[in-house]
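Source file: query_15.pdb. Holds: PDB, C-alpha atoms.
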```pdb
ATOM      1  CA  MET Q 264       2.541  37.072   0.245  1.00  0.00           C
ATOM      2  CA  SER Q 265       3.661  34.062  -1.803  1.00  0.00           C
ATOM      3  CA  LYS Q 266       4.163  30.680  -0.223  1.00  0.00           C
ATOM      4  CA  SER Q 267       7.548  29.058   0.247  1.00  0.00           C
ATOM      5  CA  ASN Q 268       8.493  25.917  -1.670  1.00  0.00           C
ATOM      6  CA  GLU Q 269       8.213  23.999   1.600  1.00  0.00           C
ATOM      7  CA  GLU Q 270       4.657  25.222   2.181  1.00  0.00           C
ATOM      8  CA  LEU Q 271       3.720  24.360  -1.396  1.00  0.00           C
ATOM      9  CA  PHE Q 272       5.238  20.892  -1.034  1.00  0.00           C
ATOM     10  CA  LEU Q 273       3.293  20.161   2.157  1.00  0.00           C
ATOM     11  CA  GLU Q 274       0.037  21.405   0.641  1.00  0.00           C
ATOM     12  CA  GLY Q 275       0.658  19.372  -2.511  1.00  0.00           C
ATOM     13  CA  ALA Q 276       1.484  16.240  -0.515  1.00  0.00           C
ATOM     14  CA  VAL Q 277      -1.780  16.497   1.450  1.00  0.00           C
ATOM     15  CA  LYS Q 278      -3.711  16.942  -1.794  1.00  0.00           C
ATOM     16  CA  LEU Q 279      -2.025  13.913  -3.370  1.00  0.00           C
ATOM     17  CA  PHE Q 280      -2.673  11.683  -0.366  1.00  0.00           C
ATOM     18  CA  ARG Q 281      -6.337  12.799  -0.330  1.00  0.00           C
ATOM     19  CA  TYR Q 282      -6.565  12.107  -4.074  1.00  0.00           C
ATOM     20  CA  TYR Q 283      -5.306   8.536  -3.705  1.00  0.00           C
ATOM     21  CA  LYS Q 284      -7.583   7.982  -0.715  1.00  0.00           C
ATOM     22  CA  LYS Q 285     -10.513   9.083  -2.864  1.00  0.00           C
ATOM     23  CA  LEU Q 286      -9.467   6.806  -5.751  1.00  0.00           C
ATOM     24  CA  GLY Q 287      -9.246   3.807  -3.430  1.00  0.00           C
ATOM     25  CA  GLU Q 288     -12.629   4.571  -1.913  1.00  0.00           C
ATOM     26  CA  GLY Q 289     -14.163   4.993  -5.361  1.00  0.00           C
ATOM     27  CA  ALA Q 290     -12.978   1.545  -6.376  1.00  0.00           C
ATOM     28  CA  ILE Q 291     -13.933  -0.145  -3.107  1.00  0.00           C
ATOM     29  CA  ALA Q 292     -17.420   1.426  -3.161  1.00  0.00           C
ATOM     30  CA  GLN Q 293     -18.152  -0.509  -6.347  1.00  0.00           C
ATOM     31  CA  LEU Q 294     -17.349  -3.866  -4.742  1.00  0.00           C
ATOM     32  CA  SER Q 295     -19.236  -6.291  -2.509  1.00  0.00           C
ATOM     33  CA  ASP Q 296     -18.024  -7.908   0.713  1.00  0.00           C
ATOM     34  CA  ASP Q 297     -17.143 -11.068  -1.199  1.00  0.00           C
ATOM     35  CA  GLU Q 298     -15.252  -9.130  -3.867  1.00  0.00           C
ATOM     36  CA  VAL Q 299     -13.006  -7.248  -1.405  1.00  0.00           C
ATOM     37  CA  LEU Q 300     -12.228 -10.532   0.329  1.00  0.00           C
ATOM     38  CA  SER Q 301     -11.438 -12.509  -2.831  1.00  0.00           C
ATOM     39  CA  LYS Q 302      -7.869 -13.197  -3.963  1.00  0.00           C
ATOM     40  CA  PRO Q 303      -7.011 -13.260  -7.664  1.00  0.00           C
ATOM     41  CA  ASN Q 304      -4.783 -16.282  -6.876  1.00  0.00           C
ATOM     42  CA  GLU Q 305      -2.845 -17.772  -3.968  1.00  0.00           C
ATOM     43  CA  ALA Q 306       0.218 -15.616  -4.606  1.00  0.00           C
ATOM     44  CA  SER Q 307      -1.833 -12.400  -4.509  1.00  0.00           C
ATOM     45  CA  ASN Q 308      -3.490 -10.371  -1.785  1.00  0.00           C
ATOM     46  CA  SER Q 309      -7.158  -9.570  -1.564  1.00  0.00           C
ATOM     47  CA  ILE Q 310      -8.191  -5.931  -1.427  1.00  0.00           C
ATOM     48  CA  ALA Q 311      -8.955  -6.476   2.256  1.00  0.00           C
ATOM     49  CA  LEU Q 312      -5.371  -7.627   2.878  1.00  0.00           C
ATOM     50  CA  ILE Q 313      -4.007  -4.655   0.930  1.00  0.00           C
ATOM     51  CA  VAL Q 314      -6.125  -2.348   3.087  1.00  0.00           C
ATOM     52  CA  HIS Q 315      -4.910  -4.148   6.222  1.00  0.00           C
ATOM     53  CA  HIS Q 316      -1.327  -3.502   5.125  1.00  0.00           C
ATOM     54  CA  LEU Q 317      -1.960   0.142   4.214  1.00  0.00           C
ATOM     55  CA  SER Q 318      -3.707   0.848   7.499  1.00  0.00           C
ATOM     56  CA  GLY Q 319      -0.999  -0.911   9.517  1.00  0.00           C
ATOM     57  CA  ASN Q 320       1.741   0.964   7.693  1.00  0.00           C
ATOM     58  CA  MET Q 321       0.002   4.326   8.103  1.00  0.00           C
ATOM     59  CA  LEU Q 322      -0.643   3.830  11.805  1.00  0.00           C
ATOM     60  CA  SER Q 323       2.946   2.717  12.379  1.00  0.00           C
ATOM     61  CA  ARG Q 324       4.626   5.398  10.275  1.00  0.00           C
ATOM     62  CA  TRP Q 325       2.497   8.402  11.222  1.00  0.00           C
ATOM     63  CA  THR Q 326       1.806   7.841  14.936  1.00  0.00           C
ATOM     64  CA  ASP Q 327       4.242  10.107  16.824  1.00  0.00           C
ATOM     65  CA  PHE Q 328       5.795  10.783  13.429  1.00  0.00           C
ATOM     66  CA  LEU Q 329       8.490  13.239  14.506  1.00  0.00           C
ATOM     67  CA  THR Q 330       9.374  11.561  17.794  1.00  0.00           C
ATOM     68  CA  SER Q 331       9.427   7.772  17.414  1.00  0.00           C
ATOM     69  CA  ASP Q 332      10.654   5.192  14.938  1.00  0.00           C
ATOM     70  CA  GLY Q 333       8.183   4.636  12.096  1.00  0.00           C
ATOM     71  CA  GLU Q 334       8.252   0.863  12.594  1.00  0.00           C
ATOM     72  CA  LYS Q 335       6.388   0.503  15.889  1.00  0.00           C
ATOM     73  CA  SER Q 336       6.951  -2.498  18.164  1.00  0.00           C
ATOM     74  CA  TRP Q 337       3.180  -3.105  18.262  1.00  0.00           C
ATOM     75  CA  ARG Q 338       2.889  -3.494  14.485  1.00  0.00           C
ATOM     76  CA  ASN Q 339       2.576  -7.027  13.115  1.00  0.00           C
ATOM     77  CA  ARG Q 340       3.386  -6.556   9.433  1.00  0.00           C
ATOM     78  CA  GLU Q 341       3.189 -10.264   8.626  1.00  0.00           C
ATOM     79  CA  ALA Q 342      -0.383 -10.451   9.939  1.00  0.00           C
ATOM     80  CA  GLU Q 343      -1.357  -7.650   7.547  1.00  0.00           C
ATOM     81  CA  PHE Q 344      -0.962 -10.147   4.704  1.00  0.00           C
ATOM     82  CA  GLU Q 345      -2.591 -13.077   6.517  1.00  0.00           C
ATOM     83  CA  GLU Q 346      -5.454 -11.792   8.661  1.00  0.00           C
ATOM     84  CA  SER Q 347      -8.355 -10.310   6.748  1.00  0.00           C
ATOM     85  CA  TYR Q 348     -11.488  -8.481   7.841  1.00  0.00           C
ATOM     86  CA  PRO Q 349     -14.873 -10.161   8.250  1.00  0.00           C
ATOM     87  CA  ASP Q 350     -16.568  -7.666   5.929  1.00  0.00           C
ATOM     88  CA  LYS Q 351     -16.186  -4.465   3.937  1.00  0.00           C
ATOM     89  CA  LYS Q 352     -17.568  -2.267   6.738  1.00  0.00           C
ATOM     90  CA  THR Q 353     -14.856  -3.394   9.166  1.00  0.00           C
ATOM     91  CA  MET Q 354     -12.247  -3.030   6.449  1.00  0.00           C
ATOM     92  CA  MET Q 355     -13.355   0.539   5.705  1.00  0.00           C
ATOM     93  CA  ALA Q 356     -13.145   1.472   9.396  1.00  0.00           C
ATOM     94  CA  ALA Q 357      -9.488   0.359   9.375  1.00  0.00           C
ATOM     95  CA  TRP Q 358      -8.918   2.200   6.074  1.00  0.00           C
ATOM     96  CA  GLU Q 359     -10.288   5.416   7.566  1.00  0.00           C
ATOM     97  CA  LYS Q 360      -8.311   5.042  10.794  1.00  0.00           C
ATOM     98  CA  GLY Q 361      -5.049   4.797   8.834  1.00  0.00           C
ATOM     99  CA  TRP Q 362      -5.797   7.761   6.571  1.00  0.00           C
ATOM    100  CA  VAL Q 363      -6.914   9.943   9.502  1.00  0.00           C
ATOM    101  CA  CYS Q 364      -3.631   9.201  11.305  1.00  0.00           C
ATOM    102  CA  LEU Q 365      -1.608  10.052   8.185  1.00  0.00           C
ATOM    103  CA  LEU Q 366      -3.477  13.242   7.333  1.00  0.00           C
ATOM    104  CA  ARG Q 367      -3.452  14.568  10.903  1.00  0.00           C
ATOM    105  CA  ALA Q 368       0.292  14.060  11.154  1.00  0.00           C
ATOM    106  CA  LEU Q 369       0.964  15.571   7.753  1.00  0.00           C
ATOM    107  CA  GLU Q 370      -1.313  18.564   8.307  1.00  0.00           C
ATOM    108  CA  SER Q 371       0.427  19.317  11.609  1.00  0.00           C
ATOM    109  CA  LEU Q 372       3.837  19.662   9.955  1.00  0.00           C
ATOM    110  CA  LYS Q 373       5.442  23.027   9.451  1.00  0.00           C
ATOM    111  CA  PRO Q 374       7.827  23.937   6.631  1.00  0.00           C
ATOM    112  CA  GLU Q 375      10.785  23.889   9.007  1.00  0.00           C
ATOM    113  CA  ASP Q 376       9.995  20.228   9.861  1.00  0.00           C
ATOM    114  CA  LEU Q 377      10.893  19.019   6.365  1.00  0.00           C
ATOM    115  CA  ASN Q 378      14.644  18.919   7.098  1.00  0.00           C
ATOM    116  CA  LYS Q 379      14.275  17.138  10.447  1.00  0.00           C
ATOM    117  CA  ILE Q 380      15.506  13.562  10.642  1.00  0.00           C
ATOM    118  CA  ILE Q 381      13.067  10.771  11.442  1.00  0.00           C
ATOM    119  CA  TYR Q 382      13.772   7.045  11.606  1.00  0.00           C
ATOM    120  CA  ILE Q 383      12.171   3.979  10.076  1.00  0.00           C
ATOM    121  CA  ARG Q 384      13.772   0.769  11.370  1.00  0.00           C
ATOM    122  CA  ASN Q 385      16.676   2.887  12.656  1.00  0.00           C
ATOM    123  CA  GLU Q 386      17.358   4.307   9.181  1.00  0.00           C
ATOM    124  CA  GLY Q 387      17.438   8.085   9.315  1.00  0.00           C
ATOM    125  CA  GLN Q 388      15.880  10.202   6.612  1.00  0.00           C
ATOM    126  CA  THR Q 389      14.513  13.695   6.321  1.00  0.00           C
ATOM    127  CA  VAL Q 390      10.814  14.274   6.817  1.00  0.00           C
ATOM    128  CA  LEU Q 391      10.732  15.322   3.168  1.00  0.00           C
ATOM    129  CA  ASP Q 392      12.185  11.950   2.126  1.00  0.00           C
ATOM    130  CA  ALA Q 393       9.783  10.066   4.409  1.00  0.00           C
ATOM    131  CA  ILE Q 394       6.792  11.840   2.850  1.00  0.00           C
ATOM    132  CA  GLN Q 395       8.045  11.078  -0.651  1.00  0.00           C
ATOM    133  CA  ARG Q 396       8.631   7.458   0.348  1.00  0.00           C
ATOM    134  CA  GLN Q 397       4.987   7.101   1.336  1.00  0.00           C
ATOM    135  CA  LEU Q 398       3.804   9.047  -1.734  1.00  0.00           C
ATOM    136  CA  ALA Q 399       5.383   6.231  -3.738  1.00  0.00           C
ATOM    137  CA  HIS Q 400       4.231   3.401  -1.459  1.00  0.00           C
ATOM    138  CA  TYR Q 401       0.532   4.167  -0.923  1.00  0.00           C
ATOM    139  CA  PRO Q 402      -0.378   4.935  -4.568  1.00  0.00           C
ATOM    140  CA  HIS Q 403       1.295   1.642  -5.510  1.00  0.00           C
ATOM    141  CA  HIS Q 404      -1.203  -0.225  -3.326  1.00  0.00           C
ATOM    142  CA  VAL Q 405      -4.148   1.963  -4.343  1.00  0.00           C
ATOM    143  CA  GLY Q 406      -3.265   1.048  -7.926  1.00  0.00           C
ATOM    144  CA  GLN Q 407      -3.497  -2.622  -6.960  1.00  0.00           C
ATOM    145  CA  ILE Q 408      -6.956  -1.983  -5.505  1.00  0.00           C
ATOM    146  CA  LEU Q 409      -8.083  -0.248  -8.691  1.00  0.00           C
ATOM    147  CA  TYR Q 410      -6.669  -2.991 -10.885  1.00  0.00           C
ATOM    148  CA  GLN Q 411      -8.439  -5.688  -8.889  1.00  0.00           C
ATOM    149  CA  GLY Q 412     -11.664  -3.671  -8.877  1.00  0.00           C
ATOM    150  CA  LYS Q 413     -11.551  -3.378 -12.662  1.00  0.00           C
ATOM    151  CA  ALA Q 414     -10.747  -7.084 -13.021  1.00  0.00           C
ATOM    152  CA  LEU Q 415     -13.654  -8.028 -10.754  1.00  0.00           C
ATOM    153  CA  LYS Q 416     -16.225  -5.677 -12.307  1.00  0.00           C
ATOM    154  CA  GLY Q 417     -15.112  -5.637 -15.922  1.00  0.00           C
ATOM    155  CA  LYS Q 418     -17.184  -3.242 -18.030  1.00  0.00           C
ATOM    156  CA  GLU Q 419     -19.373  -2.440 -15.001  1.00  0.00           C
ATOM    157  CA  PHE Q 420     -16.459  -0.663 -13.281  1.00  0.00           C
ATOM    158  CA  LYS Q 421     -17.036   3.089 -13.279  1.00  0.00           C
ATOM    159  CA  ALA Q 422     -13.905   5.013 -14.269  1.00  0.00           C
ATOM    160  CA  LEU Q 423     -12.374   7.136 -11.521  1.00  0.00           C
ATOM    161  CA  SER Q 424     -10.285   9.321 -13.824  1.00  0.00           C
ATOM    162  CA  ILE Q 425     -10.511  10.100 -17.535  1.00  0.00           C
ATOM    163  CA  PRO Q 426     -12.630   7.242 -18.918  1.00  0.00           C
ATOM    164  CA  LYS Q 427     -11.358   5.142 -21.789  1.00  0.00           C
ATOM    165  CA  GLY Q 428     -12.187   7.009 -24.979  1.00  0.00           C
ATOM    166  CA  GLY Q 429     -12.738  10.269 -23.083  1.00  0.00           C
ATOM    167  CA  SER Q 430      -9.362  11.966 -23.576  1.00  0.00           C
ATOM    168  CA  THR Q 431     -10.439  14.191 -26.458  1.00  0.00           C
ATOM    169  CA  ASP Q 432     -13.439  15.611 -24.598  1.00  0.00           C
ATOM    170  CA  PHE Q 433     -11.434  15.985 -21.388  1.00  0.00           C
ATOM    171  CA  ASN Q 434      -8.640  17.868 -23.177  1.00  0.00           C
ATOM    172  CA  LYS Q 435     -11.154  20.045 -25.027  1.00  0.00           C
ATOM    173  CA  THR Q 436     -12.657  21.107 -21.706  1.00  0.00           C
ATOM    174  CA  LYS Q 437      -9.266  21.721 -20.113  1.00  0.00           C
ATOM    175  CA  PHE Q 438      -7.928  23.770 -23.011  1.00  0.00           C
ATOM    176  CA  SER Q 439     -11.110  25.870 -23.060  1.00  0.00           C
ATOM    177  CA  GLU Q 440     -10.303  27.082 -19.527  1.00  0.00           C
ATOM    178  CA  GLU Q 441      -8.080  30.038 -18.772  1.00  0.00           C
ATOM    179  CA  LYS Q 442      -4.465  29.222 -17.923  1.00  0.00           C
ATOM    180  CA  THR Q 443      -3.969  29.205 -14.203  1.00  0.00           C
ATOM    181  CA  ILE Q 444      -1.700  27.753 -11.563  1.00  0.00           C
ATOM    182  CA  ARG Q 445      -3.486  25.198  -9.438  1.00  0.00           C
ATOM    183  CA  HIS Q 446      -3.076  21.643  -8.255  1.00  0.00           C
ATOM    184  CA  PHE Q 447      -4.644  19.095 -10.610  1.00  0.00           C
ATOM    185  CA  THR Q 448      -6.797  17.771  -7.751  1.00  0.00           C
ATOM    186  CA  ASP Q 449      -8.383  21.150  -6.974  1.00  0.00           C
ATOM    187  CA  LYS Q 450     -11.387  20.563  -9.257  1.00  0.00           C
ATOM    188  CA  LEU Q 451     -11.961  16.927  -8.358  1.00  0.00           C
TER
END
```
Structure encoded using structure tokens:
Amino acid sequence: MSKSNEELFLEGAVKLFRYYKKLGEGAIAQLSDDEVLSKPNEASNSIALIVHHLSGNMLSRWTDFLTSDGEKSWRNREAEFEESYPDKKTMMAAWEKGWVCLLRALESLKPEDLNKIIYIRNEGQTVLDAIQRQLAHYPHHVGQILYQGKALKGKEFKALSIPKGGSTDFNKTKFSEEKTIRHFTDKL
């Protein structure tokens, strides 16, 4: 029995969120406490502040996802950009808490939920739109984490995708495999 487009979308969304979680963790693992707490400049956020924002957003948006507004009264968004963590271990606990909340909510959804209306700051949108909204938002911030990690580590930063200069070998491997339908994250 083939899967519906809705089932495929939900499965793909979970895979994409897990992929970006893994990318963020791969970058953060290469950094010290001091590096995750450092700011490139006064107008920028440290990785720890970015994580604080991501975790706060995830907890607010995905707690009681189908039944309450995605902007919870207990969330202090401004503090997410001001109050950091004392160390990387504490930061990673918050990171994990946010991702667990997101993934549990997403994995509990059924295809028929995608057309339901949920609210964020009293603005109604379908569940499908809300998922896509966060699939744009979270990778944006994970990209910031990767960029800062590369800037901090320079040539010591281990690539988390196709390494610079590795496209030819990567493509050679891919084109040597049999054509198949699968999600690009399935072999990661």
Residues within 6 Å of range 336-353 of chain Q, please, as a PDB file with C-alpha atoms, keeping the file's coordinate frame. Count all atoms listed in the file; anything in the same chain fewer than 3 positions from it doesn't count.
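Output (around_2.pdb):
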```pdb
ATOM      1  CA  ASP Q 296     -18.024  -7.908   0.713  1.00  0.00           C
ATOM      2  CA  ALA Q 311      -8.955  -6.476   2.256  1.00  0.00           C
ATOM      3  CA  LEU Q 312      -5.371  -7.627   2.878  1.00  0.00           C
ATOM      4  CA  HIS Q 315      -4.910  -4.148   6.222  1.00  0.00           C
ATOM      5  CA  HIS Q 316      -1.327  -3.502   5.125  1.00  0.00           C
ATOM      6  CA  ALA Q 356     -13.145   1.472   9.396  1.00  0.00           C
TER       7      ALA Q 356
END
```
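Picked by the PyMOL selection byres ((chain Q and resi 366-372) around 10) from the coordinates shown: Q:Glu270, Q:Leu273, Q:Glu274, Q:Ala276, Q:Val277, Q:Lys278, Q:Phe280, Q:Arg281, Q:Met321, Q:Arg324, Q:Trp325, Q:Thr326, Q:Asp327, Q:Phe328, Q:Leu329, Q:Gly361, Q:Trp362, Q:Val363, Q:Cys364, Q:Leu365, Q:Lys373, Q:Pro374, Q:Glu375, Q:Asp376, Q:Leu377, Q:Val390, Q:Ile394.
With CA of Leu279 in chain Q on one side and CA of Asp392 in chain Q on the other, the separation reads 15.4 Å.
Once the PyMOL selection byres ((chain Q and resi 401-405) around 9) is applied to the depicted file, the selected set reads Phe280, Tyr283, Lys284, Leu286, Gly287, Ile313, Val314, Leu317, Arg396, Gln397, Leu398, Ala399, His400, Gly406, Gln407, Ile408, Leu409 and Tyr410 of chain Q.
Between CA of Asp297 in chain Q and CA of Gln411 in chain Q the interatomic distance comes to 12.8 Å.
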Shell around Arg384 in chain Q at 10 Å using only C-alpha atoms, local window under 4 positions removed, as a PyMOL selection string
chain Q and resi 332-335
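Using all atoms listed in the file, the nearest neighbour of Ile383 in chain Q within the list Q:Ser424, Q:Gln395, Q:Ser331, Q:Gln293 is Q:Ser331.
Straight-line separation from CA of Glu269 in chain Q to CA of Tyr382 in chain Q: 20.5 Å.
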Range 278-299 of chain Q dumped to file, N, CA and C atoms, as a tab-separated table (two decimals), in the first residue's frame:
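Resulting contents of decode.tsv:
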```tsv
chain	number	residue	atom	x	y	z
Q	278	LYS	N	12.27	13.96	9.09
Q	278	LYS	CA	13.64	13.70	8.64
Q	278	LYS	C	14.43	15.00	8.49
Q	279	LEU	N	13.80	16.03	7.94
Q	279	LEU	CA	14.49	17.31	7.78
Q	279	LEU	C	14.83	17.95	9.12
Q	280	PHE	N	13.87	17.94	10.04
Q	280	PHE	CA	14.16	18.50	11.37
Q	280	PHE	C	15.31	17.73	12.03
Q	281	ARG	N	15.29	16.40	11.95
Q	281	ARG	CA	16.37	15.59	12.54
Q	281	ARG	C	17.72	15.90	11.86
Q	282	TYR	N	17.70	16.13	10.57
Q	282	TYR	CA	18.91	16.46	9.82
Q	282	TYR	C	19.51	17.77	10.32
Q	283	TYR	N	18.68	18.79	10.48
Q	283	TYR	CA	19.19	20.08	10.95
Q	283	TYR	C	19.62	20.02	12.40
Q	284	LYS	N	18.96	19.21	13.19
Q	284	LYS	CA	19.40	19.00	14.58
Q	284	LYS	C	20.80	18.40	14.57
Q	285	LYS	N	21.00	17.40	13.74
Q	285	LYS	CA	22.30	16.74	13.64
Q	285	LYS	C	23.39	17.70	13.16
Q	286	LEU	N	23.08	18.53	12.17
Q	286	LEU	CA	24.05	19.52	11.69
Q	286	LEU	C	24.46	20.47	12.82
Q	287	GLY	N	23.48	20.98	13.54
Q	287	GLY	CA	23.78	21.89	14.65
Q	287	GLY	C	24.64	21.22	15.70
Q	288	GLU	N	24.31	20.00	16.04
Q	288	GLU	CA	25.09	19.27	17.04
Q	288	GLU	C	26.50	18.99	16.55
Q	289	GLY	N	26.65	18.71	15.26
Q	289	GLY	CA	27.97	18.47	14.70
Q	289	GLY	C	28.86	19.69	14.77
Q	290	ALA	N	28.27	20.86	14.57
Q	290	ALA	CA	29.04	22.10	14.67
Q	290	ALA	C	29.37	22.41	16.13
Q	291	ILE	N	28.38	22.31	16.99
Q	291	ILE	CA	28.57	22.64	18.41
Q	291	ILE	C	29.58	21.71	19.06
Q	292	ALA	N	29.59	20.44	18.66
Q	292	ALA	CA	30.52	19.46	19.25
Q	292	ALA	C	31.98	19.86	19.03
Q	293	GLN	N	32.23	20.64	18.01
Q	293	GLN	CA	33.60	21.03	17.68
Q	293	GLN	C	34.06	22.27	18.46
Q	294	LEU	N	33.17	22.83	19.27
Q	294	LEU	CA	33.44	24.10	19.93
Q	294	LEU	C	33.57	23.95	21.45
Q	295	SER	N	34.34	24.84	22.03
Q	295	SER	CA	34.52	24.87	23.49
Q	295	SER	C	33.42	25.71	24.15
Q	296	ASP	N	33.40	25.67	25.48
Q	296	ASP	CA	32.47	26.52	26.24
Q	296	ASP	C	32.64	27.98	25.84
Q	297	ASP	N	33.89	28.44	25.83
Q	297	ASP	CA	34.15	29.85	25.49
Q	297	ASP	C	33.69	30.18	24.08
Q	298	GLU	N	33.88	29.27	23.15
Q	298	GLU	CA	33.50	29.53	21.76
Q	298	GLU	C	31.99	29.64	21.58
Q	299	VAL	N	31.20	28.80	22.26
Q	299	VAL	CA	29.74	28.90	22.11
Q	299	VAL	C	29.19	30.14	22.81
```
